[in-house]
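Engineer: Input file: run_13.pdb. Contents: PDB, C-alpha atoms and all ligand atoms.
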```pdb
ATOM      1  CA  MET A   1      62.695-135.298 -56.260
ATOM      2  CA  LYS A   2      65.632-133.937 -54.292
ATOM      3  CA  PHE A   3      65.947-134.621 -50.598
ATOM      4  CA  GLU A   4      67.639-132.222 -48.195
ATOM      5  CA  ILE A   5      68.812-133.145 -44.703
ATOM      6  CA  CYS A   6      71.673-132.098 -42.393
ATOM      7  CA  ASN A   7      72.603-129.254 -44.797
ATOM      8  CA  GLN A   8      73.190-131.659 -47.668
ATOM      9  CA  ILE A   9      71.167-132.293 -50.807
ATOM     10  CA  PHE A  10      70.713-135.841 -52.123
ATOM     11  CA  PRO A  11      69.155-136.961 -55.433
ATOM     12  CA  THR A  12      66.899-139.451 -53.581
ATOM     13  CA  LYS A  13      66.041-140.564 -50.043
ATOM     14  CA  GLU A  14      67.761-143.880 -50.792
ATOM     15  CA  SER A  15      71.045-142.164 -51.636
ATOM     16  CA  ALA A  16      70.801-140.164 -48.390
ATOM     17  CA  THR A  17      70.199-143.420 -46.484
ATOM     18  CA  LYS A  18      73.251-145.031 -48.078
ATOM     19  CA  TYR A  19      75.378-142.005 -47.274
ATOM     20  CA  PHE A  20      74.456-141.819 -43.576
ATOM     21  CA  MET A  21      74.549-145.611 -43.045
ATOM     22  CA  GLU A  22      78.061-145.743 -44.497
ATOM     23  CA  TYR A  23      79.098-142.753 -42.452
ATOM     24  CA  PHE A  24      77.904-144.128 -39.096
ATOM     25  CA  HIS A  25      78.698-147.806 -39.641
ATOM     26  CA  THR A  26      82.420-147.103 -39.712
ATOM     27  CA  LYS A  27      82.329-145.138 -36.445
ATOM     28  CA  THR A  28      83.121-146.351 -32.961
ATOM     29  CA  SER A  29      82.408-143.078 -31.141
ATOM     30  CA  LEU A  30      80.330-139.970 -31.806
ATOM     31  CA  THR A  31      81.466-136.339 -32.005
ATOM     32  CA  SER A  32      79.133-133.493 -31.047
ATOM     33  CA  SER A  33      78.500-132.695 -34.723
ATOM     34  CA  ASP A  34      77.621-136.396 -35.293
ATOM     35  CA  LYS A  35      75.075-136.063 -32.481
ATOM     36  CA  ASP A  36      73.598-132.929 -34.090
ATOM     37  CA  MET A  37      73.207-134.889 -37.324
ATOM     38  CA  LEU A  38      71.477-137.770 -35.508
ATOM     39  CA  ARG A  39      69.161-135.297 -33.767
ATOM     40  CA  GLU A  40      68.091-133.911 -37.145
ATOM     41  CA  LEU A  41      67.703-137.401 -38.647
ATOM     42  CA  LEU A  42      65.476-138.469 -35.745
ATOM     43  CA  ARG A  43      63.404-135.293 -35.946
ATOM     44  CA  ASN A  44      62.753-136.243 -39.575
ATOM     45  CA  ARG A  45      61.142-139.531 -38.437
ATOM     46  CA  ASN A  46      57.430-139.094 -38.899
ATOM     47  CA  ASP A  47      56.370-141.067 -35.832
ATOM     48  CA  PHE A  48      58.166-138.674 -33.482
ATOM     49  CA  ASP A  49      56.969-135.307 -32.302
ATOM     50  CA  LYS A  50      59.143-132.658 -34.001
ATOM     51  CA  GLN A  51      59.680-131.022 -30.592
ATOM     52  CA  THR A  52      61.087-134.174 -28.981
ATOM     53  CA  ASN A  53      64.323-133.357 -27.237
ATOM     54  CA  PHE A  54      66.878-136.055 -28.084
ATOM     55  CA  GLU A  55      69.355-135.539 -25.294
ATOM     56  CA  ASP A  56      72.186-137.900 -26.050
ATOM     57  CA  PHE A  57      73.380-140.699 -28.319
ATOM     58  CA  GLN A  58      75.768-143.623 -28.222
ATOM     59  CA  ILE A  59      77.052-146.457 -30.381
ATOM     60  CA  ALA A  60      76.562-149.819 -28.658
ATOM     61  CA  ILE A  61      76.771-153.534 -29.343
ATOM     62  CA  ASN A  62      73.366-155.222 -29.554
ATOM     63  CA  GLN A  63      72.304-158.823 -28.862
ATOM     64  CA  TYR A  64      73.122-159.758 -32.450
ATOM     65  CA  ASN A  65      76.707-158.604 -31.840
ATOM     66  CA  THR A  66      76.487-155.767 -34.299
ATOM     67  CA  THR A  67      76.869-152.068 -33.622
ATOM     68  CA  GLU A  68      73.772-149.951 -33.380
ATOM     69  CA  LEU A  69      72.948-146.298 -32.818
ATOM     70  CA  GLN A  70      70.955-145.517 -29.702
ATOM     71  CA  TYR A  71      69.296-142.379 -28.355
ATOM     72  CA  ARG A  72      68.709-141.647 -24.689
ATOM     73  CA  LEU A  73      65.136-141.500 -23.423
ATOM     74  CA  GLU A  74      64.405-138.073 -22.003
ATOM     75  CA  ASN A  75      65.076-137.736 -18.247
ATOM     76  CA  THR A  76      66.424-141.297 -17.937
ATOM     77  CA  ASP A  77      69.733-143.017 -18.557
ATOM     78  CA  ILE A  78      68.135-145.642 -20.784
ATOM     79  CA  PHE A  79      69.264-145.862 -24.407
ATOM     80  CA  VAL A  80      66.930-147.015 -27.212
ATOM     81  CA  PRO A  81      68.137-148.339 -30.581
ATOM     82  CA  PHE A  82      67.029-146.763 -33.840
ATOM     83  CA  SER A  83      67.788-147.144 -37.528
ATOM     84  CA  ILE A  84      68.935-144.389 -39.866
ATOM     85  CA  LYS A  85      67.012-145.999 -42.707
ATOM     86  CA  ARG A  86      63.774-145.645 -40.795
ATOM     87  CA  CYS A  87      64.552-141.979 -40.046
ATOM     88  CA  ILE A  88      64.842-141.214 -43.760
ATOM     89  CA  VAL A  89      62.657-143.628 -45.760
ATOM     90  CA  GLY A  90      60.167-144.570 -43.052
ATOM     91  CA  HIS A  91      59.148-148.031 -41.891
ATOM     92  CA  GLY A  92      61.225-151.220 -42.128
ATOM     93  CA  LYS A  93      60.496-153.384 -45.137
ATOM     94  CA  THR A  94      58.629-156.409 -43.757
ATOM     95  CA  ASP A  95      55.190-156.315 -42.143
ATOM     96  CA  LYS A  96      56.596-158.316 -39.247
ATOM     97  CA  ALA A  97      59.398-155.805 -38.637
ATOM     98  CA  ARG A  98      56.941-152.922 -38.968
ATOM     99  CA  GLN A  99      54.588-154.487 -36.425
ATOM    100  CA  ALA A 100      57.451-155.170 -33.988
ATOM    101  CA  ASN A 101      58.605-151.545 -34.364
ATOM    102  CA  ASP A 102      55.112-150.148 -33.817
ATOM    103  CA  PHE A 103      54.505-152.398 -30.813
ATOM    104  CA  ARG A 104      57.868-151.522 -29.263
ATOM    105  CA  GLN A 105      57.020-147.850 -29.633
ATOM    106  CA  ALA A 106      53.526-148.475 -28.235
ATOM    107  CA  VAL A 107      54.840-149.880 -24.947
ATOM    108  CA  SER A 108      57.560-147.258 -24.380
ATOM    109  CA  GLU A 109      55.296-145.568 -21.794
ATOM    110  CA  GLN A 110      55.034-148.865 -19.879
ATOM    111  CA  ILE A 111      58.825-149.238 -19.990
ATOM    112  CA  LEU A 112      59.184-145.675 -18.673
ATOM    113  CA  ASP A 113      56.711-146.473 -15.871
ATOM    114  CA  TYR A 114      58.856-149.476 -14.935
ATOM    115  CA  ILE A 115      61.959-147.261 -14.828
ATOM    116  CA  LYS A 116      60.176-144.633 -12.695
ATOM    117  CA  SER A 117      58.916-147.208 -10.205
ATOM    118  CA  HIS A 118      62.305-148.996 -10.025
ATOM    119  CA  PRO A 119      64.827-146.221  -9.352
ATOM    120  CA  ASP A 120      67.696-148.535  -8.395
ATOM    121  CA  LYS A 121      69.091-149.478 -11.772
ATOM    122  CA  ILE A 122      71.121-152.581 -10.983
ATOM    123  CA  CYS A 123      71.697-155.541 -13.292
ATOM    124  CA  CYS A 124      69.769-158.397 -11.653
ATOM    125  CA  LEU A 125      72.415-160.932 -12.749
ATOM    126  CA  CYS A 126      75.848-159.354 -12.154
ATOM    127  CA  LYS A 127      74.840-156.297 -10.016
ATOM    128  CA  SER A 128      76.541-153.893 -12.395
ATOM    129  CA  THR A 129      75.104-150.356 -12.514
ATOM    130  CA  SER A 130      76.417-149.294 -15.930
ATOM    131  CA  TYR A 131      74.732-149.616 -19.343
ATOM    132  CA  ILE A 132      71.485-150.793 -17.769
ATOM    133  CA  GLN A 133      68.671-151.853 -20.120
ATOM    134  CA  VAL A 134      65.102-152.966 -19.469
ATOM    135  CA  ASP A 135      64.767-156.617 -20.497
ATOM    136  CA  HIS A 136      61.616-158.625 -21.227
ATOM    137  CA  PHE A 137      62.147-161.732 -19.123
ATOM    138  CA  LYS A 138      60.054-164.795 -19.937
ATOM    139  CA  PRO A 139      58.190-164.245 -22.163
ATOM    140  CA  ALA A 140      60.593-162.468 -24.529
ATOM    141  CA  PHE A 141      59.152-159.489 -26.393
ATOM    142  CA  GLU A 142      59.047-161.518 -29.645
ATOM    143  CA  THR A 143      57.075-164.263 -27.844
ATOM    144  CA  ILE A 144      54.573-161.715 -26.494
ATOM    145  CA  ILE A 145      53.973-160.478 -30.057
ATOM    146  CA  GLN A 146      53.631-164.046 -31.413
ATOM    147  CA  ASN A 147      51.115-165.000 -28.711
ATOM    148  CA  PHE A 148      49.189-161.757 -29.148
ATOM    149  CA  ASN A 149      48.897-162.347 -32.912
ATOM    150  CA  LEU A 150      47.518-165.835 -32.226
ATOM    151  CA  ILE A 151      45.084-164.882 -29.472
ATOM    152  CA  HIS A 152      43.861-161.538 -30.871
ATOM    153  CA  SER A 153      43.991-162.281 -34.603
ATOM    154  CA  SER A 154      40.652-160.488 -35.084
ATOM    155  CA  ASP A 155      41.904-157.216 -33.544
ATOM    156  CA  LEU A 156      45.631-156.458 -33.798
ATOM    157  CA  SER A 157      45.274-152.815 -32.790
ATOM    158  CA  ILE A 158      47.898-150.890 -30.829
ATOM    159  CA  GLU A 159      45.437-150.398 -27.942
ATOM    160  CA  LYS A 160      44.763-154.146 -27.634
ATOM    161  CA  PHE A 161      48.487-154.843 -27.725
ATOM    162  CA  GLN A 162      49.189-152.280 -25.001
ATOM    163  CA  ALA A 163      46.657-153.969 -22.721
ATOM    164  CA  TYR A 164      47.957-157.458 -23.573
ATOM    165  CA  HIS A 165      51.567-156.397 -23.000
ATOM    166  CA  LYS A 166      50.731-154.809 -19.666
ATOM    167  CA  ALA A 167      49.029-158.006 -18.485
ATOM    168  CA  THR A 168      51.686-160.463 -19.683
ATOM    169  CA  CYS A 169      55.089-158.775 -19.647
ATOM    170  CA  SER A 170      57.653-159.389 -16.966
ATOM    171  CA  LEU A 171      60.427-156.801 -16.904
ATOM    172  CA  ARG A 172      63.836-156.710 -15.265
ATOM    173  CA  TYR A 173      67.049-154.705 -15.446
ATOM    174  CA  LEU A 174      70.077-156.172 -17.177
ATOM    175  CA  CYS A 175      73.384-154.575 -18.055
ATOM    176  CA  GLN A 176      74.296-154.607 -21.728
ATOM    177  CA  ASN A 177      76.700-157.555 -21.358
ATOM    178  CA  CYS A 178      74.252-159.745 -19.413
ATOM    179  CA  ASN A 179      71.495-158.855 -21.885
ATOM    180  CA  ILE A 180      73.649-160.119 -24.756
ATOM    181  CA  LYS A 181      74.584-163.299 -22.829
ATOM    182  CA  ALA A 182      70.949-163.946 -21.863
ATOM    183  CA  TYR A 183      69.901-163.547 -25.476
ATOM    184  CA  HIS A 184      72.489-166.055 -26.681
ATOM    185  CA  SER A 185      71.764-168.614 -23.983
ATOM    186  CA  SER A 186      68.020-168.413 -24.754
ATOM    187  CA  LYS A 187      68.716-169.510 -28.329
ATOM    188  CA  PRO A 188      69.957-173.112 -28.364
ATOM    189  CA  GLY A 189      72.623-173.678 -30.983
ATOM    190  CA  ARG A 190      73.971-170.171 -30.721
ATOM    191  CA  LYS A 191      77.501-169.845 -29.493
ATOM    192  CA  LYS A 192      77.711-168.364 -26.012
ATOM    193  CA  ILE A 193      80.271-165.618 -25.750
ATOM    194  CA  PHE A 194      81.588-164.531 -22.437
ATOM    195  CA  SER A 195      84.609-162.264 -22.652
ATOM    196  CA  GLU A 196      84.439-158.601 -23.524
ATOM    197  CA  GLU A 197      87.374-159.075 -25.921
ATOM    198  CA  GLU A 198      85.324-161.641 -27.808
ATOM    199  CA  TYR A 199      82.364-159.250 -28.062
ATOM    200  CA  LYS A 200      84.629-156.568 -29.441
ATOM    201  CA  ALA A 201      86.347-158.918 -31.906
ATOM    202  CA  ARG A 202      83.028-160.240 -33.204
ATOM    203  CA  ASN A 203      81.622-156.753 -33.344
ATOM    204  CA  ILE A 204      84.477-155.496 -35.513
ATOM    205  CA  GLU A 205      84.140-158.593 -37.719
ATOM    206  CA  ASN A 206      80.380-158.074 -38.134
ATOM    207  CA  SER A 207      80.771-154.370 -38.863
ATOM    208  CA  LYS A 208      83.287-155.222 -41.588
ATOM    209  CA  LYS A 209      80.888-157.784 -43.055
ATOM    210  CA  ARG A 210      77.991-155.338 -43.013
ATOM    211  CA  PHE A 211      80.113-152.636 -44.558
ATOM    212  CA  SER A 212      81.327-154.864 -47.396
ATOM    213  CA  LEU A 213      77.741-156.015 -48.051
ATOM    214  CA  LEU A 214      76.680-152.401 -48.216
ATOM    215  CA  ARG A 215      79.501-151.635 -50.683
ATOM    216  CA  GLN A 216      78.430-154.555 -52.870
ATOM    217  CA  LYS A 217      74.886-153.185 -52.942
ATOM    218  CA  ILE A 218      76.089-149.718 -53.896
ATOM    219  CA  ASN A 219      78.447-150.931 -56.661
TER     220      ASN A 219
HETATM  221 ZN    ZN B 301      74.964-157.752 -15.712
END
```
Taking this structure as input, can you express it in the form of structure tokens?
Ligand SMILES: [Zn+2]

Structural biologist:
Amino acid sequence: MKFEICNQIFPTKESATKYFMEYFHTKTSLTSSDKDMLRELLRNRNDFDKQTNFEDFQIAINQYNTTELQYRLENTDIFVPFSIKRCIVGHGKTDKARQANDFRQAVSEQILDYIKSHPDKICCLCKSTSYIQVDHFKPAFETIIQNFNLIHSSDLSIEKFQAYHKATCSLRYLCQNCNIKAYHSSKPGRKKIFSEEEYKARNIENSKKRFSLLRQKIN
């Protein structure tokens, strides 16, 4: 069962996943042909409309201090993370991860509504206006899901979650750096990191670790 994507033929979907993960995990910036590849990979994802216009992409550091690929939401300057693996082989492997993915997708309209009704994109902590992200502030998104699973255990449908999220979420704008700091300070025992140099150093370190793990899996 051969798999063809981005003008290349792979023996399996797994080998295509390995190839693209290796390719993008060593990158720090994206060329226009990289972006074309990402556009095609995302169009392959079965939970997206094939006509979706993916305007732009970037590589960013997430709250776990690892690099991630992000696409820009249409007509906004908000970037959303995505995984290459999910583009090619489908859902993440655990039920928990799958549910979190589905629920995140299910509330994207609500996030867009927040962005539309709050046009001044300013980080509420440091007042920066660059790399602004929408943050779930008390409760965290993970907490909302946990509580929902407890309260609505008899009906865990997307529709119920959308209503529950709308009633309980509290959103705010944070810049990427403050979002990372807020994440670390909300987890006792985690080291707080404050300088940009430290983010970069840890990011490079983590990318190396991930890459060598990936190599071990392949060999
Ligand atoms: Zn900030």

Engineer: What residues of the protein or nucleic acid chains come within 7 Å of ligand ZN 301 (chain B) when you use only C-alpha atoms and all ligand atoms? Reply as a PyMOL selection string.

Structural biologist: chain A and resi 123-128+174-178

Engineer: Between A:Asn179, A:Gln162, A:Gln58, A:Gln8, which residue has the minimum interatomic distance to Gln110 of chain A, considering only C-alpha atoms?

Structural biologist: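 So, comparing all the options, the nearest one is A:Gln162.
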
Engineer: Do you know which residues the PyMOL selection byres (((chain A and resi 64) around 9) and not hetatm) returns on this file, as a ChimeraX atom specification?

Structural biologist: /A:61-63,65-67,180,183-184

Engineer: Please measure the separation of atom CA of Leu171 of chain A and atom CA of Ile59 of chain A, giving the value in Å to one decimal.

Structural biologist: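 If I compute the distance from atom CA of Leu171 of chain A to atom CA of Ile59 of chain A, I get 23.8 Å.
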
Engineer: Step by step, work through what the PyMOL selection byres (((chain A and resi 30-43) around 10) and not hetatm) selects in the shown file, and finish by giving those residues as a count of residues only.

Structural biologist: 35

Engineer: Report, in Å to a single decimal, how far apart atom CA of Phe161 of chain A and atom CA of Ile122 of chain A are.

Structural biologist: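 Atom-to-atom, atom CA of Ile122 of chain A to atom CA of Phe161 of chain A, that is 28.2 Å.
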